[in-house]
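Asker: Sending over a structure as structure tokens; questions will come in a sec.
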There are 4 protein chains.
Amino acid sequence: MSRITILMNCPDQKGIIADVTNYIHKNKGNIEYIDQYVDRVNSIFFMRLECEINSKVFNETFKKELNFSIGQKYSIDFNIYENELKPKMGIMVSKYDHCLYDILSRHQSGELNVEIPFIISNHNTLKHIADTFKIPFFYIPILEKTKKKISDKHLKIFNKYSVDFIVLARYMQIIPTSIIKKFQNKIINIHHSFLPAFPGAKPYHSAYERGVKIIGATSHYITEELDAGPIIDQDTTQVSHLNSIQDFIGKGRDLERIVLSNAVKLHVDRKVMVYKNKTIIFS
Amino acid sequence: MSRITILMNCPDQKGIIADVTNYIHKNKGNIEYIDQYVDRVNSIFFMRLECEINSKVFNETFKKELNFSIGQKYSIDFNIYENELKPKMGIMVSKYDHCLYDILSRHQSGELNVEIPFIISNHNTLKHIADTFKIPFFYIPILEKTKKKISDKHLKIFNKYSVDFIVLARYMQIIPTSIIKKFQNKIINIHHSFLPAFPGAKPYHSAYERGVKIIGATSHYITEELDAGPIIDQDTTQVSHLNSIQDFIGKGRDLERIVLSNAVKLHVDRKVMVYKNKTIIFS
Amino acid sequence: MSRITILMNCPDQKGIIADVTNYIHKNKGNIEYIDQYVDRVNSIFFMRLECEINSKVFNETFKKELNFSIGQKYSIDFNIYENELKPKMGIMVSKYDHCLYDILSRHQSGELNVEIPFIISNHNTLKHIADTFKIPFFYIPILEKTKKKISDKHLKIFNKYSVDFIVLARYMQIIPTSIIKKFQNKIINIHHSFLPAFPGAKPYHSAYERGVKIIGATSHYITEELDAGPIIDQDTTQVSHLNSIQDFIGKGRDLERIVLSNAVKLHVDRKVMVYKNKTIIFS
Amino acid sequence: MSRITILMNCPDQKGIIADVTNYIHKNKGNIEYIDQYVDRVNSIFFMRLECEINSKVFNETFKKELNFSIGQKYSIDFNIYENELKPKMGIMVSKYDHCLYDILSRHQSGELNVEIPFIISNHNTLKHIADTFKIPFFYIPILEKTKKKISDKHLKIFNKYSVDFIVLARYMQIIPTSIIKKFQNKIINIHHSFLPAFPGAKPYHSAYERGVKIIGATSHYITEELDAGPIIDQDTTQVSHLNSIQDFIGKGRDLERIVLSNAVKLHVDRKVMVYKNKTIIFS
């Protein structure tokens with residue numbers, strides 16, 4: 001038996017759920033989870049479905065016929081995954097170690113069902129952590145004039161290890177458009193504020209300056225516009241006048257760890273769909 | 001067109017979703033919302049479905065045939081509601097006014113889609129609020145020796161006004177078994193602690209005594225065992241050594257208001273199912 | 001015996017606490033609460049102190065001497081309050097009723113230690129609530145060309161009733177500079193977003209558009225720059241793709257109620273000090 | 001200059017703050033932080049004070065005189081610490097790795113101002129983590145009949161490394177009374193429920209069984225009564241019917257990490273005082 005996850009969306013119409021569940025049923029699949037959502041503003045239908053199905057039945061013919069018999073009828077955009085296949089997750093970091101430690105210890109504890117083929121950094125600072133967890137570390141410093149070359153180096157590594165998605169665990173560099181285009185909705189960033197408040201650099205400093213009583217963190221997919229991509233998860237915590245900027249940074253670390261790891265888990269479990277720069281998060 | 005909500009549960013089997021959605025589709029209904037959940041420990045399937053259907057199609061025949069063709073096949077327990085019908089919600093209170101004020105102002109603001117035919121109290125203290133909001137108020141004092149008679153009085157009022165469910169908005173009396181049995185999963189209580197911590201009387205005092213750093217509130221359906229019924233909603237807030245018992249009570253009021261009104265909204269929207277003393281809450 | 005609250009701030013120097021507490025002690029006052037905070041960035045010392053003192057000792061001489069002997073030495077800015085004196089709180093509203101209901105029911109429950117001499121509104125919509133709670137209601141519609149006159153009318157009412165501070169319980173009009181200047185750090189507003197995100201009109205719509213996973217509310221003192229005054233309290237709650245704009249507004253109401261009433265309580269208890277557009281909130 | 005922290009408590013009386021701050025002032029100390037709290041139920045005064053003082057002034061004479069001149073007058077119980085001295089923190093674990101990883105990575109990041117001289121475990125499972133972070137690891141298995149001997153072994157290690165306090169980072173064994181008595185309010189435990197709900201073994205299973213909508217974690221000092229010691233920190237998170245016991249455990253891990261590390265930080269910063277099985281937590 002195979003366990004598969006189907007993500008789909010299409011213009012909202014009558015009969016989709018009945019047709020899709022019928023198709024699975026006809027193929028002797030057992031639907032174990034179904035969740036559906038209709039965006040009424042844009043009239044778009046979204047569905048996530050997990051089912052158990054005979055591995056022999058689940059083949060290219062199954063997919064083709066599904067697409068042919070139902071997909072074309074409703075103009076459905078399908079994504080079908082075999083749950084057994086572990087996604088490959090590349091990590092990029094700069095100098096802050098807390099998110100990296102967090103991801104690697106969760107991975108080692110078995111919390112994250114991924115392979116981590118490499119860590120790329122523009123500094124050598126965190127190499128010892130990569131060594132500790134026995135993950136290949138590529139130190140690729142960034143100089144203004146060589147930026148083009150560098151993104152080529154990055155892409156080469158991504159391709160060599162066939163990464164499925166990339167996590168920016170406090171990577172403090174702009175990702176070039178060329179890479180973003182190749183990894184649409186596949187590069188997860190953690191921003192250390194509750195976006196859209198305090199985009200850009202030094203959000204804790206700006207939050208301190210403004211005298212806010214809550215600070216936050218936001219995980220989102222990278223798009224070309226800085227800190228404006230689809231938000232996956234956000235969380236906030238209370239601060240007070242007693243807290244210095246250093247305290248903000250310290251409290252923020254806990255938020256960043258959790259908000260980033262939540263996003264990674266949701267992405268790995270194929271629970272995120274993106275539409276018009278917003279996410280649908282299935283439970 | 002009618003908008004209807006179907007709640008159902010049955011032993012988990014293959015094909016249920018396909019059969020039910022097909023049935024709706026065949027009757028030209030448009031499924032606007034479907035959410036399903038399988039309790040894997042007990043192998044029970046739960047589903048909530050909202051659809052728009054021609055008012056002429058949605059009649060006793062529709063229901064009978066649904067039950068006959070699909071319900072019997074899978075041993076489904078169905079509950080079908082017409083969304084237009086406003087439930088009738090009785091309120092019982094004692095002396096605390098905050099939950100009562102909250103419910104009545106939400107009702108007057110249009111937040112709660114119910115009728116409120118009466119308020120019953122064992123004290124006369126809050127009559128002025130009932131008057132303010134122009135809702136009939138029945139003062140029924142409770143004396144040990146007349147308890148039997150009193151529950152008869154209560155039942156009489158419930159029946160006279162055909163209440164669908166009852167909200168105990170800080171009603172400080174035990175509800176007798178005879179009433180609980182007639183209103184199973186239809187009497188919503190607010191308890192001022194995060195159950196199962198601090199059941200029974202004076203939970204804020206016990207919480208203060210124990211030196212906890214969080215206090216909470218719990219809304220649940222009343223069952224015969226005190227404070228042990230199915231939990232609908234819970235929330236907590238932080239306290240510190242600086243807070244006196246009075247502060248606990250004050251902070252708790254905000255929790256009670258919100259946790260109770262959340263439970264009422266979920267119940268009114270038919271988003272709660274109960275199984276083995278636990279709730280399934282649809283989103 | 002009188003109970004008094006002293007708020008003070010001055011450039012940070014050695015010996016302030018010792019001198020002030022000595023002075024109280026010498027006058028046979030009993031300090032029941034002391035809390036102090038030093039803003040290390042600006043080197044400013046803040047202190048809040050509550051003490052019980054003989055009502056005969058606590059007079060103009062006491063204050064003058066305190067100012068003369070200690071205030072001048074350290075350049076202290078003092079504010080001294082008698083706890084028994086109830087502040088007078090004016091309310092301004094437009095059409096939304098939830099914050100008004102909340103404040104008035106808390107007041108009636110004894111939660112808010114203030115007098116409420118009047119409610120002003122630019123609409124007649126909420127008059128019935130004022131009537132219900134027996135508070136004078138002034139309907140003062142706003143037309144572009146008469147704005148100057150209107151703020152004169154407002155000020156006249158403020159003066160007539162000697163209000164100490166004003167609460168904008170979802171008052172949807174800009175307060176003119178002339179009034180702000182006369183009531184510096186005395187006009188409390190509730191804004192329905194976690195500022196600085198989504199200032200200005202329709203923040204829930206903007207939040208929905210951006211696809212955030214948390215929404216918030218912010219209470220702050222009004223300053224001339226819109227939604228940029230010192231923040232008193234903030235809170236956030238989670239939302240998801242399932243929530244419509246109407247849901248955002250509904251969930252937001254609960255935040256607004258609590259965040260506004262928290263701010264009012266802190267202000268009434270003289271627990272807020274403002275410095276450089278930020279608040280110090282004593283516990 | 002030395003920076004020192006003074007914790008003190010005594011029966012509540014007039015003049016304490018004035019006398020203590022005067023004494024510091026007289027010795028040319030600069031008070032940088034003062035926070036005080038009066039437990040009005042038990043009439044106990046608590047104070048925490050940080051000051052900068054000439055290292056030559058801060059000596060045994062300073063302490064003795066403080067005790068003699070003021071301590072005896074008010075029956076004060078003093079604890080005075082030099083902030084530069086790093087406390088020595090022993091760690092005990094069993095098989096769960098998440099709290100251990102969290103503490104060790106925070107330590108390595110510089111978040112925790114302690115020395116960690118050793119990790120003791122009743123299993124060999126986590127030795128590799130100790131090796132990774134280069135901390136001595138003692139594997140001391142526990143057999144019913146040798147329990148007495150084992151606690152002697154533990155004490156021997158505690159003494160050899162002169163530990164100041166001990167953190168039980170999910171150590172699944174009862175600490176014997178003999179050790180608890182020697183380390184009163186110096187053994188910090190993390191319990192995986194919001195105490196007093198679900199004390200003892202398998203709280204996540206009990207929480208699942210009860211159908212709660214929030215789960216929690218509690219850090220507390222160990223006392224002889226199981227899971228009944230003074231609570232240092234607590235936090236909760238929402239769960240739903242969708243979550244399996246495994247999900248509870250997974251979500252709980254994040255709570256445990258944060259609630260334990262908060263407690264450790266508060267303890268290390270000398271911000272915790274214990275009185276009558278409750279904690280006073282200074283900010």
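Lettering and numbering for the structure tokens are positional, with chains as A, B, ... in the shown order, residues counted from 1 in each chain, and ligands counted from 1 in the shown order.
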What are the DSSP helix (DSSP H, G or I) residues of stretch 71-119 of chain C, as a PyMOL selection string?
Answerer: chain C and resi 71-74+98-109
Asker: With only C-alpha atoms considered, list every residue of chain A at most 12 Å from chain B, as number ranges by chain.
Answerer: A: 12-40, 43-53, 238, 282-283
Asker: Residues near C:Gly211, anyone? I mean within 9 Å using only C-alpha atoms, not counting same-chain ones fewer than 3 positions away, as an MDAnalysis selection string.
Answerer: (chainID A and resid 230:231 277:279) or (chainID C and resid 206:208 240:241)
Asker: Hey, what's within 12 Å of D:Ile179 if we count only C-alpha atoms and toss same-chain stuff fewer than 4 positions away? As JSON, numbers by chain, please?
Answerer: {"D": [148, 150, 151, 152, 153, 154, 155, 156, 158, 159, 165, 166, 174, 175, 183, 184, 185, 186, 187, 222, 223, 224]}
Asker: Using only C-alpha atoms, find each residue of stretch 121-226 of chain A with at least one atom at most 8 Å away from an atom of stretch 92-115 of chain A; report its shortest atom-to-atom pair and that distance in Å (one decimal), sort the rows by chain and rising residue number, and return the result as a tab-separated table.
Answerer:
```
residue	atom	partner	partner_atom	distance
A:Ser121	CA	A:Val93	CA	5.0
A:Asn122	CA	A:Ser94	CA	5.7
A:His123	CA	A:Ser94	CA	5.8
A:Thr125	CA	A:Lys95	CA	5.9
A:Leu126	CA	A:Lys95	CA	6.5
A:Ile129	CA	A:Tyr101	CA	7.5
A:Phe133	CA	A:Leu104	CA	7.2
A:Ile166	CA	A:Met92	CA	7.4
A:Val167	CA	A:Met92	CA	6.3
A:Leu168	CA	A:Met92	CA	4.9
A:Ala169	CA	A:Val93	CA	5.3
A:Arg170	CA	A:Val93	CA	5.6
A:Tyr171	CA	A:Val93	CA	4.3
A:Met172	CA	A:Ser94	CA	6.0
```
Asker: Output C-alpha atoms of each residue in that selection to a file, as a PDB file, in the first residue's frame.
Answerer:
```pdb
ATOM      1  CA  SER A 121      26.847  30.174   4.527  1.00  0.00           C
ATOM      2  CA  ASN A 122      28.407  33.491   3.586  1.00  0.00           C
ATOM      3  CA  HIS A 123      30.471  33.241   6.774  1.00  0.00           C
ATOM      4  CA  THR A 125      31.206  31.205  11.778  1.00  0.00           C
ATOM      5  CA  LEU A 126      28.803  28.273  12.076  1.00  0.00           C
ATOM      6  CA  ILE A 129      27.760  23.275  14.113  1.00  0.00           C
ATOM      7  CA  PHE A 133      25.808  17.383  13.126  1.00  0.00           C
ATOM      8  CA  ILE A 166      15.513  25.801   0.848  1.00  0.00           C
ATOM      9  CA  VAL A 167      15.336  27.198   4.360  1.00  0.00           C
ATOM     10  CA  LEU A 168      16.902  30.549   5.139  1.00  0.00           C
ATOM     11  CA  ALA A 169      17.705  30.101   8.820  1.00  0.00           C
ATOM     12  CA  ARG A 170      18.608  33.767   9.362  1.00  0.00           C
ATOM     13  CA  TYR A 171      20.507  34.147   6.083  1.00  0.00           C
ATOM     14  CA  MET A 172      21.188  37.860   5.922  1.00  0.00           C
TER      15      MET A 172
END
```
Asker: How would you write, as a ChimeraX atom specification, the set of residues in stretch 59-257 of chain C that DSSP gives as strand (DSSP E or B)?
Answerer: /C:77-82,88-93,115,119-121,137-139,165-168,187-191,214-221,231-238
Asker: Determine, counting only C-alpha atoms, which protein, DNA and RNA residues have an atom within 10 Å of an atom of stretch 69-72 of chain B; residues of the same chain fewer than 3 positions away are not included. Present the result as a list in words.
Answerer: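 In the requested format, the answer is Met8, Asn9, Cys10, Ile16, Asp19, Val20, Tyr23, Lys63, Lys64, Glu65, Leu66, Ser75, Ile76, Asp77 and Phe78 of chain B.
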Asker: Tell me, as a PyMOL selection string, which residues lie within 10 Å of A:Pro203, counting only C-alpha atoms; anything in the same chain fewer than 6 positions away does not count.
Answerer: chain A and resi 191-195+197+209+215-217+248-249
Asker: What is the distance, in Å and to one decimal place, between atom CA of A:Tyr74 and atom CA of A:Pro11?
Answerer: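 Atom CA of A:Tyr74 sits 7.2 Å away from atom CA of A:Pro11.
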Asker: Using only C-alpha atoms for the distances, tell me which of D:Met1, D:Ile281, D:Ile190, D:Ile142 is nearest to D:Ile258.
Answerer: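 Smallest separation from D:Ile258 among the options: D:Ile190.
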